[in-house]
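K.L.:
Sharing a structure here in structure tokens format.
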Amino acid sequence: NKTNDAIRVGFMLPYTGTYAKLGAAIENGFRLALTELGDKPYGKSIDFYTVDDESNPAKSTDYANKIMTRDNVDVVIGTVHSGVAMGMIKVAKETGTLVIIPNAGANAATGSMCAPNVFRTSFSNWQPTHPLGKVMVENGHKKSVFVTWKYGAGEEALASFREGFEAEGGEVIKELFVPFPNVEFQAILTEIAALKPDAVACFFAGGGAVKFVKDYAAAGLKSSIPLYGSGFLTEGVLEAQGADAEGITTTLHYADGLQNPKNLSFREAYREAYNEEADVYAVQGYDAGLLLIKALEETSGDLSQKTQAIKAMEGAEIDSPRGVWTMSKSHNPIQNFYTLRVENGINKVIGTAWEGLEDPGVGCGV
Amino acid sequence: MDAATFFIQTMNGIQYGLLLFLVASGLTLIFGIMGVINIAHGSFYMIGAYLAWSLMGWVGNFWIGLVAGVMVALVLGLLLEWLFIRFLYDRDHLQQVLVTYGLILIFSELRSMIWGDDVHSVPIPELLNGSIQITENLAYPIYRLWLSGVCIVIAVLMFLGIQHTRLGMMIRAGESDREMTKALGINIGLIYRFIFALGITLAAFSGMISAPISSVFPGMGSQVLIVSFVVVVIGGLGSIKGAMIAALSVGLIDTFGKVIHLDIFGINIFPEMSGMSIFALMALILTLRPQGLFGREH
Amino acid sequence: MRSVIEARGLTKRFSGLTAVSDVSLSCEHGVIHAVIGPNGAGKSTLMNLLSGDLKPTSGNILIDGIDVTGSGSSQMSLLGVGRSYQRTNIYPSLTVVENCNLAVQSRSKFSMRFLSDVGSHPEVEVDTKNVLERVRLESVAQKRVSELSHGEQRQVEIALALAIKPKVLLLDEPLAGMGAEESLSIVALLQSIRSEFAVILVEHDMDAVFALADTLTVMLNGGVIESGLPQDIRSSDRVQAAYLGEDFSD
Amino acid sequence: MTDALMHVASLHAHYGLSHVIHGVNLEIKPGETVALMGRNGMGKTTLIKCLMGLLPASSGAIRLRGQDIKSLATHSLARRGIAYVPEGRGIFQNLSVKENLLLAARAGFEGRMEWTYDRVLDVFPRLKERLAHGGQQLSGGEQQMLSIGRALLTNPDLLILDEATEGLAPLIARDIWSIIGIVKKSGISSLIVDKNFSALAKISNRSVVMVKGAVVFDDVPTKLIEQPKELKTWLGI
Amino acid sequence: MLIFLPVFSELYYIQFASKILIMIIFVSSLNLLVGFTGLVSLGHAAFFGSSGYVLALLSPADTSMNLFVALLASMLCVGVLGAVFGAVVLRTKGIFFIMSTLALGEMLFYFLHDTAFAGGSDGIYIYDRPGFNLFGWWQLDLSNVSHFYYLALILVCLVLMLIKRIMNSPFGRVISGIRVNEHRTKALGYHTYKFKLVCFVIASMIAAISGFLAAVQFGVVNPEMVGWHASGHALMMVILGGKGSLLGPVLGTTTLMLVEEIFQEATKHWQLLTGIVVVLVALFFPNGLVGLKFSKKRSEI
Ligand SMILES: Nc1ncnc2c1ncn2[C@@H]1O[C@H](COP(=O)(O)OP(=O)(O)OP(=O)(O)O)[C@@H](O)[C@H]1O
Ligand SMILES: Nc1ncnc2c1ncn2[C@@H]1O[C@H](COP(=O)(O)OP(=O)(O)OP(=O)(O)O)[C@@H](O)[C@H]1O
Ligand SMILES: [Mg+2]
Ligand SMILES: [Mg+2]
């Protein structure tokens, strides 16, 4: 009963729970991108289907199945949580449905689990912390401590940080873990004070990021040991962190303050449409939309021509608010990473940490 | 770990323990003493934090916001008791679980509708904003110390209130035999309404005063729920003293679990498996003392 | 004749309070041994020791001459000790028949079978029927116990003790809460079955005690103050002062 | 009728679907001691539960000092001067003896304070020795004393005793009867259920006999003793 | 009607029905503890999840296992785990039992989540579903939705029959005695600990069946499967349906899953509506949804 006069787009995103905010931003960004297409692209309507994945990996294949099999969508935009994304990919491999991942960073998604029909417009966990080591060594910090939650994404971020940092001659003198999603950091901070590293690198996001940054400052460490992190440490939570975030240096593939024309117009349009400021998640959603448009252009709106669609997406050059990026062989963005520093309550771009960083796509036999 | 660090870590553990006690205090009342299983405890903690954020932001003063928040929580508690909980005292405990589970869903959604899903933080009040330098590069926030003080005060008040006042006796009597309590002329319904509301208020209050150091975010309720139950149960139902000791032990275990390195038979226990630590502690204590540390044997 | 159950120097202390101190007594088959004494004398505690519900601080318990001190209540029960409780201790939400079935089945070897049907063991129902007839509960057999009156519940309590076909029957105030007629019928019941068990009876109803008991032990403050034949006890000054009062002096 | 402390008229009560109390009429005058008798399961306890507001009556009237109290909550009934010693005693297991008593202590309906904590301990010296014990550690008899002492501490006008001397040693039972005597003398009305017919007959002003949820006899005890045949069928004596 | 569902229904709804069937097995096994034995467990998902893990760990990378061998292996491993857990938690009673089951469940959760031993927080994926080949002339293919559905349906029936059998057995009689008054049951001569342990193991093995099926259906196992949320959710279904009856878990599971499914379709605020339904049911049907049926019957009298 698949009608050929509609493009069926499914959102598999968290609409409830901790990541609900990200889910909303992604959907907003995505829809904004599609407005470029007008009302009836290629004479077809665009039908949207949604499923709230609750960020629960145990239900991931189930929800993926629901949107891919029952709703029979042409393409799925999802999701935020890495574990859920993996389940989704697993189902996508069976159904062959196109998938565009607008956030989840699990390396395997475009590594060992990679698939022709699975694309990512965000980042791999390997990416954001990889350039961090270089930035730290450039700033003269050779001995560092790494702090993260004990879970998949944290461990992947740590591994890539170590790789990048050691390649530049740095040394990770201690890895400190906090059980997920525990947010009591006092013990860790005391340990850091005792270890006296040159700098601290960390991987946190959301509520944990806010608390870590505030506690770090309250413990007085901010003035003696500089804090670095992957960009998610300050992204979207700067307001909550307030003055305590001042001076934190991070690396990320996007920054609100990027001064390219694309970004300025995107932010303007986003503000107009949703009456709020865009963030990296909105950009990732937006780029997912741009990527889909490439596929639609190539197939004149008929996504059932899968091979063409995939080919178009593989060869896409996305003119993104974050700067132009291309797809790697394993379907992950080859993109710039910027060095950001919090100054006066905003993430200021102070340089490009790495031009065109490509995830190694380990284990992907494409 | 040198002696100074060890000492500081111990202090951290105690301070965290006190915080846990505070978070669990409302549950000690409602569950430990009234015997009502309220699994929505975490939701009230979360609501407290969001209330603090919005009220304090609105009036622009921590203390006024705190008082206002306490009022709101009290009213909310009274209302909930009147609407739902009062029908449940004489019923199977599991019905209480079911109703409060429903409340979790309702509150998390209402929170999202009213306040959104953003992460926020609440500024530390001027009066308590500052810190004490303890080593050359480590400072201790005064607010945390104040928080510990509040926990101790609440613990003492609760202890005296429950063990040594008529009201405390009435609550405990009501738990043992409601009909008989009524037959002695005690309006146990009214008392329970207030105690329930008080428990809710305590939960919300702890959310409010933890907000400046814990930040305010959607999943914060479920995080404290389990640990609160752990504290109340390890301590033994109805025992304030037990809850305090349990909270301190959990605080210490959690603190040291994150920084000590411990291998057993080549398997890394700490910090690799420190997430398990408080549950292992609970399992161990309940195996040795099936009624909790200070629980009465039945 | 050898005693079926025997206590030697039983003592039980509860943090500070000695509820039972150095009590020795024994009971033979076919004998009703009554234990009386004022409230709080330690009678129920003694029963709890004999039934394994409590572990003695010191002293020994012998069943058929074999030392079984330290056995828990389920082991004691399997050794042939049946008991009724002073505070009614039955299955309120089950029917009278179900209550008894449980007791009867405890003597069988098939309780662990979870794949066979209860219907394939009709002997349980038969025994239950007999017990209910004995304690005159047939008329309420299908009622839930929680819907019975206090007195009827007390009868169920006794039925459970009888249903396990014990060697030793420990009855802790079986008549409490029973009406005059029910009391009489229970006394009659005990009379009719006395030859089958060794019975230790705790009871405050002195008419019943003197009607039933072959020997008497009188407890006070945890210890035994007198022990002997009913008529001797009745006339003992110490017992009168401590327990009976003058009403029973003749 | 107006001078009655408690007045019950054609009271009916059910447990779920089973009709247990069938149109009971009963009157308790101030200072009167009424014996409520009947075999097991005849509805004595159920009637008392209705009087205490613990079981809602299906129809009929209950008046206290002329005022309709049928729809009042149990605790306000107690506050109007009714005290209750239930069968099974209703001791608060998790409270100490002292707490059980202190919890109940208060002035009566008209502010009387005849029964105080100290007086109760004088009357029940046994309790004095057990003050710190938890409710569940008491012997059966000790619990009964505690329950009665607790009821007296509310300084009631009407004391309802269900199974007054159940489980009490003869000497103590005698004490209880004498306490009931003291209670009677101090002008407190009481409604007493007990199986000791002769003691009850001695002390009560009136005997009420229930059969299958209805009152079949309501007169002075001597009249009852004169009817051996009825005694046998109603009470099994 | 249930039998012919695959004939007329869309694929997705067959899968959804299978999901309900799987949960019915899980919830029924929990009901065996909660409703029939009076042991309220908040860690039952430990057995549900670990059964899936056993399958995932046993599954060879490139071929599919024999269904019955795999199922039996999972049940046995989980049975052993159940015996170990049970031996510990059964020392406690009441709320302490709830909390010790929670503790052991969460320990397992963190063990799976924090160590690399079984895929850590991401879990493991099962690529080749086990199957069964009857001498080459008939093939049970579990990636075929209808086949899977029938397997689940048959297992549900077997499990319900088994539980019914257990409850009508001498063992079941003792179990309900323990629920109502364990002290007296002990005094009657039953070694209650042993009975509870056997029951605990049986319940864990039945839960293993459902966990096994879930792992096969979803093709993924994850620490969330053993976490207390999963246990709690199942417990809600038991209470919602009405504990202590064979039908309760069936009603509770079906209702809650349907309600969630329908509300999820209807609105982003589906949790609000679900919450309201749960609260209302709890308030108005003190005995769960089965109570509804009984009260109707009663009013007819
Ligand atoms: N678990 C316990 N802990 C502490 N003290 C206890 C405990 N059980 C009983 N006692 C005390 O031991 C004493 C003896 O109690 P027991 O119940 O044996 O008396 P009893 O002779 O049966 O009295 P009654 O005739 O009133 O039933 C009492 O003073 C009681 O308070
Ligand atoms: N909760 C209940 N539910 C249903 N029926 C009950 C309930 N309690 C008592 N009954 C029934 O009501 C009748 C009256 O019981 P009640 O307890 O009033 O008797 P009683 O006169 O006090 O007897 P006893 O002297 O044995 O205490 C009995 O037949 C009993 O089976
Ligand atoms: Mg006794
Ligand atoms: Mg009665």
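For the structure tokens, the naming scheme is as follows: chains receive sequential letters (A, B, ...) according to their order of presentation, residues are indexed from 1 within each chain, and ligands are indexed from 1 in presentation order.
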Just the strand (DSSP E) stuff from stretch 15-183 of chain C, please, per backbone DSSP, written as number ranges by chain.
P.N.:
C: 17-28, 32-36, 58-63, 66-67, 81-84, 168-172
K.L.:
Write out the residues from the selection above, keeping N, CA, C and O atoms, as a tab-separated table (two decimals), in the first residue's frame.
P.N.:
```
chain	number	residue	atom	x	y	z
C	17	LEU	N	15.81	-9.59	80.05
C	17	LEU	CA	14.70	-10.24	80.73
C	17	LEU	C	14.78	-11.75	80.57
C	17	LEU	O	14.93	-12.25	79.46
C	18	THR	N	14.73	-12.44	81.68
C	18	THR	CA	14.72	-13.90	81.57
C	18	THR	C	13.27	-14.36	81.57
C	18	THR	O	12.61	-14.36	82.58
C	19	ALA	N	12.79	-14.71	80.41
C	19	ALA	CA	11.37	-15.05	80.28
C	19	ALA	C	11.11	-16.47	80.75
C	19	ALA	O	10.07	-16.77	81.33
C	20	VAL	N	12.07	-17.35	80.53
C	20	VAL	CA	11.96	-18.73	81.01
C	20	VAL	C	13.28	-19.06	81.68
C	20	VAL	O	14.33	-18.86	81.08
C	21	SER	N	13.23	-19.53	82.93
C	21	SER	CA	14.51	-19.82	83.54
C	21	SER	C	14.50	-21.22	84.14
C	21	SER	O	13.68	-21.56	84.99
C	22	ASP	N	15.38	-22.01	83.62
C	22	ASP	CA	15.64	-23.35	84.14
C	22	ASP	C	14.38	-24.18	84.34
C	22	ASP	O	14.11	-24.68	85.42
C	23	VAL	N	13.62	-24.31	83.30
C	23	VAL	CA	12.37	-25.08	83.40
C	23	VAL	C	12.61	-26.50	82.90
C	23	VAL	O	13.16	-26.71	81.83
C	24	SER	N	12.23	-27.45	83.69
C	24	SER	CA	12.27	-28.84	83.25
C	24	SER	C	10.87	-29.41	83.37
C	24	SER	O	10.19	-29.20	84.38
C	25	LEU	N	10.46	-30.10	82.37
C	25	LEU	CA	9.20	-30.83	82.49
C	25	LEU	C	9.17	-31.90	81.42
C	25	LEU	O	10.00	-31.91	80.51
C	26	SER	N	8.26	-32.82	81.56
C	26	SER	CA	8.17	-33.85	80.54
C	26	SER	C	6.73	-34.28	80.42
C	26	SER	O	5.90	-34.01	81.29
C	27	CYS	N	6.44	-34.94	79.33
C	27	CYS	CA	5.07	-35.36	79.12
C	27	CYS	C	5.06	-36.69	78.38
C	27	CYS	O	5.83	-36.91	77.44
C	28	GLU	N	4.23	-37.58	78.85
C	28	GLU	CA	4.18	-38.92	78.24
C	28	GLU	C	2.96	-39.06	77.35
C	28	GLU	O	2.03	-38.27	77.39
C	32	ILE	N	-2.13	-35.45	79.72
C	32	ILE	CA	-2.26	-34.01	79.52
C	32	ILE	C	-1.55	-33.30	80.65
C	32	ILE	O	-1.89	-33.48	81.83
C	33	HIS	N	-0.54	-32.56	80.25
C	33	HIS	CA	0.26	-31.85	81.25
C	33	HIS	C	-0.07	-30.37	81.09
C	33	HIS	O	0.24	-29.75	80.07
C	34	ALA	N	-0.73	-29.81	82.10
C	34	ALA	CA	-1.12	-28.40	82.00
C	34	ALA	C	-0.04	-27.51	82.61
C	34	ALA	O	0.55	-27.86	83.63
C	35	VAL	N	0.21	-26.40	81.94
C	35	VAL	CA	1.12	-25.39	82.48
C	35	VAL	C	0.28	-24.15	82.75
C	35	VAL	O	-0.38	-23.63	81.86
C	36	ILE	N	0.28	-23.74	84.00
C	36	ILE	CA	-0.48	-22.54	84.32
C	36	ILE	C	0.44	-21.54	84.99
C	36	ILE	O	1.58	-21.85	85.34
C	58	SER	N	19.76	-21.64	76.92
C	58	SER	CA	20.45	-22.86	77.37
C	58	SER	C	19.39	-23.90	77.70
C	58	SER	O	18.21	-23.62	77.75
C	59	GLY	N	19.86	-25.11	77.93
C	59	GLY	CA	18.93	-26.19	78.22
C	59	GLY	C	18.69	-27.04	77.00
C	59	GLY	O	19.17	-26.74	75.90
C	60	ASN	N	18.00	-28.15	77.21
C	60	ASN	CA	17.82	-29.11	76.12
C	60	ASN	C	16.37	-29.52	75.96
C	60	ASN	O	15.58	-29.49	76.89
C	61	ILE	N	16.07	-29.93	74.74
C	61	ILE	CA	14.75	-30.48	74.45
C	61	ILE	C	14.94	-31.86	73.87
C	61	ILE	O	15.78	-32.06	72.99
C	62	LEU	N	14.18	-32.82	74.38
C	62	LEU	CA	14.30	-34.19	73.89
C	62	LEU	C	12.95	-34.66	73.38
C	62	LEU	O	11.92	-34.42	74.00
C	63	ILE	N	13.00	-35.28	72.22
C	63	ILE	CA	11.80	-35.93	71.70
C	63	ILE	C	12.09	-37.42	71.66
C	63	ILE	O	13.10	-37.84	71.09
C	66	ILE	N	15.55	-38.36	72.32
C	66	ILE	CA	16.66	-37.90	71.48
C	66	ILE	C	16.76	-36.38	71.58
C	66	ILE	O	15.75	-35.67	71.50
C	67	ASP	N	17.98	-35.91	71.76
C	67	ASP	CA	18.18	-34.48	71.92
C	67	ASP	C	17.96	-33.77	70.58
C	67	ASP	O	18.64	-34.06	69.60
C	81	VAL	N	5.82	-32.55	66.65
C	81	VAL	CA	5.30	-31.56	67.58
C	81	VAL	C	4.28	-30.68	66.86
C	81	VAL	O	4.62	-29.97	65.92
C	82	GLY	N	3.04	-30.75	67.27
C	82	GLY	CA	2.01	-29.89	66.69
C	82	GLY	C	1.63	-28.84	67.70
C	82	GLY	O	1.71	-29.09	68.91
C	83	ARG	N	1.23	-27.66	67.24
C	83	ARG	CA	0.90	-26.66	68.23
C	83	ARG	C	-0.20	-25.72	67.77
C	83	ARG	O	-0.47	-25.59	66.58
C	84	SER	N	-0.84	-25.09	68.76
C	84	SER	CA	-1.75	-23.99	68.45
C	84	SER	C	-1.17	-22.76	69.11
C	84	SER	O	-0.40	-22.85	70.05
C	168	VAL	N	3.14	-35.00	69.91
C	168	VAL	CA	3.02	-34.06	71.02
C	168	VAL	C	2.15	-32.91	70.56
C	168	VAL	O	2.33	-32.39	69.47
C	169	LEU	N	1.20	-32.54	71.41
C	169	LEU	CA	0.32	-31.44	71.06
C	169	LEU	C	0.57	-30.32	72.05
C	169	LEU	O	0.43	-30.51	73.26
C	170	LEU	N	0.99	-29.17	71.54
C	170	LEU	CA	1.20	-28.02	72.41
C	170	LEU	C	0.04	-27.07	72.19
C	170	LEU	O	-0.14	-26.56	71.08
C	171	LEU	N	-0.75	-26.87	73.21
C	171	LEU	CA	-1.93	-26.00	73.04
C	171	LEU	C	-1.77	-24.76	73.90
C	171	LEU	O	-1.74	-24.85	75.12
C	172	ASP	N	-1.62	-23.63	73.25
C	172	ASP	CA	-1.45	-22.39	74.00
C	172	ASP	C	-2.79	-21.65	74.07
C	172	ASP	O	-3.22	-21.05	73.11
```
K.L.:
Determine, using only C-alpha atoms and all ligand atoms, which residues of chain C have any atom at most 6 Å from an atom of ligand 1, and tabulate each with its shortest atom pair and distance in Å to one decimal place, rows ordered by chain and then rising number, as CSV.
P.N.:
```
residue,atom,partner,partner_atom_place_in_ligand_line,distance
C:Phe14,CA,ligand 1,4 (C),4.8
C:Ala19,CA,ligand 1,12 (O),4.2
C:Pro38,CA,ligand 1,25 (O),5.8
C:Asn39,CA,ligand 1,26 (O),3.3
C:Gly40,CA,ligand 1,19 (O),3.4
C:Ala41,CA,ligand 1,21 (O),3.8
C:Gly42,CA,ligand 1,18 (O),3.1
C:Lys43,CA,ligand 1,21 (O),3.6
C:Ser44,CA,ligand 1,22 (O),3.5
C:Thr45,CA,ligand 1,18 (O),3.6
```
K.L.:
Selected residues, C-alpha atoms, written as an mmCIF file, in the first residue's frame, please.
P.N.:
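selection-v3.cif written:
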```cif
data_model
loop_
_atom_site.group_PDB
_atom_site.id
_atom_site.type_symbol
_atom_site.label_atom_id
_atom_site.label_comp_id
_atom_site.auth_asym_id
_atom_site.auth_seq_id
_atom_site.Cartn_x
_atom_site.Cartn_y
_atom_site.Cartn_z
ATOM 1 C CA PHE C 14 15.461 -11.625 75.915
ATOM 2 C CA ALA C 19 11.371 -15.048 80.276
ATOM 3 C CA PRO C 38 -0.015 -15.628 85.802
ATOM 4 C CA ASN C 39 0.258 -13.459 82.722
ATOM 5 C CA GLY C 40 3.811 -12.977 81.635
ATOM 6 C CA ALA C 41 5.041 -15.999 83.575
ATOM 7 C CA GLY C 42 6.694 -17.363 80.462
ATOM 8 C CA LYS C 43 4.250 -20.040 79.413
ATOM 9 C CA SER C 44 3.992 -18.995 75.813
ATOM 10 C CA THR C 45 7.725 -18.529 75.628
#
```
K.L.:
Contacts between ligand 4 and chain D, please, where a residue of chain D counts if it comes within 8 Å (with only C-alpha atoms and all ligand atoms); show its shortest atom pair and distance in Å to one decimal, rows by chain and ascending number, as a tab-separated table.
P.N.:
```
residue	atom	partner	partner_atom_place_in_ligand_line	distance
D:Asn40	CA	ligand 4	1 (Mg)	6.8
D:Gly41	CA	ligand 4	1 (Mg)	6.8
D:Gly43	CA	ligand 4	1 (Mg)	7.0
D:Lys44	CA	ligand 4	1 (Mg)	5.5
D:Thr45	CA	ligand 4	1 (Mg)	4.1
D:Thr46	CA	ligand 4	1 (Mg)	7.2
D:Glu87	CA	ligand 4	1 (Mg)	6.5
D:Asp162	CA	ligand 4	1 (Mg)	6.6
D:Glu163	CA	ligand 4	1 (Mg)	7.1
D:Val193	CA	ligand 4	1 (Mg)	7.9
```
K.L.:
Kindly indicate which residue among D:Thr74, D:Thr116, D:Ser10, D:Asn205 lies nearest to D:Leu153, using only C-alpha atoms for the distances.
P.N.:
D:Thr116
K.L.:
Throw together the list of residues within 9 Å of ligand 2, counting only C-alpha atoms and all ligand atoms, and drop it here as number ranges by chain.
P.N.:
C: 140, 143-154, 177-179; D: 14-21, 37-49, 87, 162-163, 193-195, 210-213
K.L.:
Return as a ChimeraX atom specification the full set of residues in stretch 31-278 of chain A whose backbone-based DSSP assignment is helix (DSSP H, G or I).
P.N.:
/A:31-37,41-43,57-70,82-95,107-110,126-138,152-167,186-195,206-218,221-224,231-233,238-245,261-274
K.L.:
Counting only C-alpha atoms, figure out which residue out of A:Val283, A:Ile334, A:Ala243, A:Ala153 gets nearest to chain B.
P.N.:
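Of the candidates, the smallest distance to chain B is held by A:Ala243.
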K.L.:
Quick one: which residues from chain E are at most 9 Å off chain C, using only C-alpha atoms, as a ChimeraX atom specification?
P.N.:
/E:162,165-174,176-177,180-181,183-192,195,198
K.L.:
Which residues, written as a list in words, have at least one atom at most 12 Å from C:Ile233, with only C-alpha atoms counted and residues fewer than 5 positions away on the same chain left out?
P.N.:
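Answer for this query is Ala34, Val35, Ile36, Gly37, Met206, Val209, Phe210, Ala213, Asp214, Thr215, Leu216, Thr217, Val218, Met219, Ile225, Glu226, Ser227, Gly228, Arg238, Val239, Gln240, Ala241, Ala242, Tyr243, Leu244, Phe248, Ser249 and Asp250 of chain C.
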K.L.:
Any idea which chain B residues end up within 6 Å of chain A if we count only C-alpha atoms, as an mmCIF file with N, CA, C and O atoms, in the first residue's frame please?
P.N.:
```
data_model
loop_
_atom_site.group_PDB
_atom_site.id
_atom_site.type_symbol
_atom_site.label_atom_id
_atom_site.label_comp_id
_atom_site.auth_asym_id
_atom_site.auth_seq_id
_atom_site.Cartn_x
_atom_site.Cartn_y
_atom_site.Cartn_z
ATOM 1 N N ASP B 117 12.565 20.893 28.336
ATOM 2 C CA ASP B 117 13.526 19.827 28.607
ATOM 3 C C ASP B 117 14.950 20.358 28.722
ATOM 4 O O ASP B 117 15.916 19.606 28.603
ATOM 5 N N VAL B 119 18.423 22.031 30.294
ATOM 6 C CA VAL B 119 19.217 21.943 31.518
ATOM 7 C C VAL B 119 19.388 23.356 32.051
ATOM 8 O O VAL B 119 19.633 24.288 31.291
ATOM 9 N N HIS B 120 19.221 23.507 33.344
ATOM 10 C CA HIS B 120 19.362 24.835 33.927
ATOM 11 C C HIS B 120 20.260 24.775 35.134
ATOM 12 O O HIS B 120 20.550 23.704 35.649
ATOM 13 N N SER B 121 20.645 25.942 35.593
ATOM 14 C CA SER B 121 21.300 25.935 36.885
ATOM 15 C C SER B 121 20.781 27.085 37.716
ATOM 16 O O SER B 121 20.245 28.058 37.191
ATOM 17 N N LEU B 138 43.032 23.121 45.779
ATOM 18 C CA LEU B 138 41.678 22.603 45.974
ATOM 19 C C LEU B 138 40.930 23.444 46.992
ATOM 20 O O LEU B 138 41.438 23.719 48.079
ATOM 21 N N ALA B 139 39.734 23.826 46.617
ATOM 22 C CA ALA B 139 38.930 24.632 47.527
ATOM 23 C C ALA B 139 37.633 23.913 47.820
ATOM 24 O O ALA B 139 37.210 23.026 47.081
ATOM 25 N N TYR B 140 37.006 24.272 48.921
ATOM 26 C CA TYR B 140 35.735 23.650 49.266
ATOM 27 C C TYR B 140 34.650 24.704 49.261
ATOM 28 O O TYR B 140 34.762 25.709 49.957
ATOM 29 N N PRO B 141 33.593 24.488 48.482
ATOM 30 C CA PRO B 141 32.548 25.511 48.416
ATOM 31 C C PRO B 141 31.801 25.631 49.749
ATOM 32 O O PRO B 141 31.427 24.613 50.339
ATOM 33 N N SER B 214 23.645 20.926 41.918
ATOM 34 C CA SER B 214 23.464 19.725 41.100
ATOM 35 C C SER B 214 22.979 20.046 39.695
ATOM 36 O O SER B 214 22.931 19.163 38.852
ATOM 37 N N SER B 215 22.620 21.287 39.442
ATOM 38 C CA SER B 215 21.987 21.713 38.199
ATOM 39 C C SER B 215 20.613 21.067 38.067
ATOM 40 O O SER B 215 20.279 20.133 38.799
ATOM 41 N N PHE B 217 17.905 19.252 35.651
ATOM 42 C CA PHE B 217 17.761 18.593 34.350
ATOM 43 C C PHE B 217 16.708 17.499 34.419
ATOM 44 O O PHE B 217 16.389 17.000 35.494
ATOM 45 N N PRO B 218 16.151 17.146 33.261
ATOM 46 C CA PRO B 218 14.984 16.259 33.241
ATOM 47 C C PRO B 218 15.154 14.913 33.961
ATOM 48 O O PRO B 218 14.255 14.476 34.649
ATOM 49 N N GLY B 219 16.295 14.261 33.821
ATOM 50 C CA GLY B 219 16.392 12.911 34.384
ATOM 51 C C GLY B 219 16.793 12.867 35.840
ATOM 52 O O GLY B 219 17.055 11.790 36.384
ATOM 53 N N THR B 255 32.354 7.431 47.022
ATOM 54 C CA THR B 255 33.509 8.310 46.866
ATOM 55 C C THR B 255 34.787 7.511 46.618
ATOM 56 O O THR B 255 35.514 7.753 45.658
ATOM 57 N N GLY B 275 30.014 1.255 39.754
ATOM 58 C CA GLY B 275 28.575 1.463 39.644
ATOM 59 C C GLY B 275 27.799 0.467 40.488
ATOM 60 O O GLY B 275 26.703 0.727 40.974
#
```
K.L.:
Enumerate as a ChimeraX atom specification the residues belonging to chain A that approach chain E to within 9 Å, with only C-alpha atoms taken into account.
P.N.:
/A:15-16,50-52,56-62,65-66,69-71,82-84,86-87,90-91,150-153,179-180
K.L.:
Quick one: everything within 9 Å of B:Phe256, counting only C-alpha atoms, minus sequence neighbours fewer than 5 positions away in the same chain. Send it as a PyMOL selection string.
P.N.:
(chain A and resi 187) or (chain B and resi 9-10+13+251+270-271+274)
K.L.:
Measuring between only C-alpha atoms, which one of B:Met71, B:Ile234, B:Ala211, B:Ile226 shows the shortest distance to B:Leu288?
P.N.:
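The shortest atom-to-atom distance to B:Leu288 comes from B:Ile234.
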K.L.:
Here is a test: counting only C-alpha atoms, which residue of C:Glu173, C:Glu133, C:Glu157, C:Glu123 is nearest to chain D?
P.N.:
C:Glu173
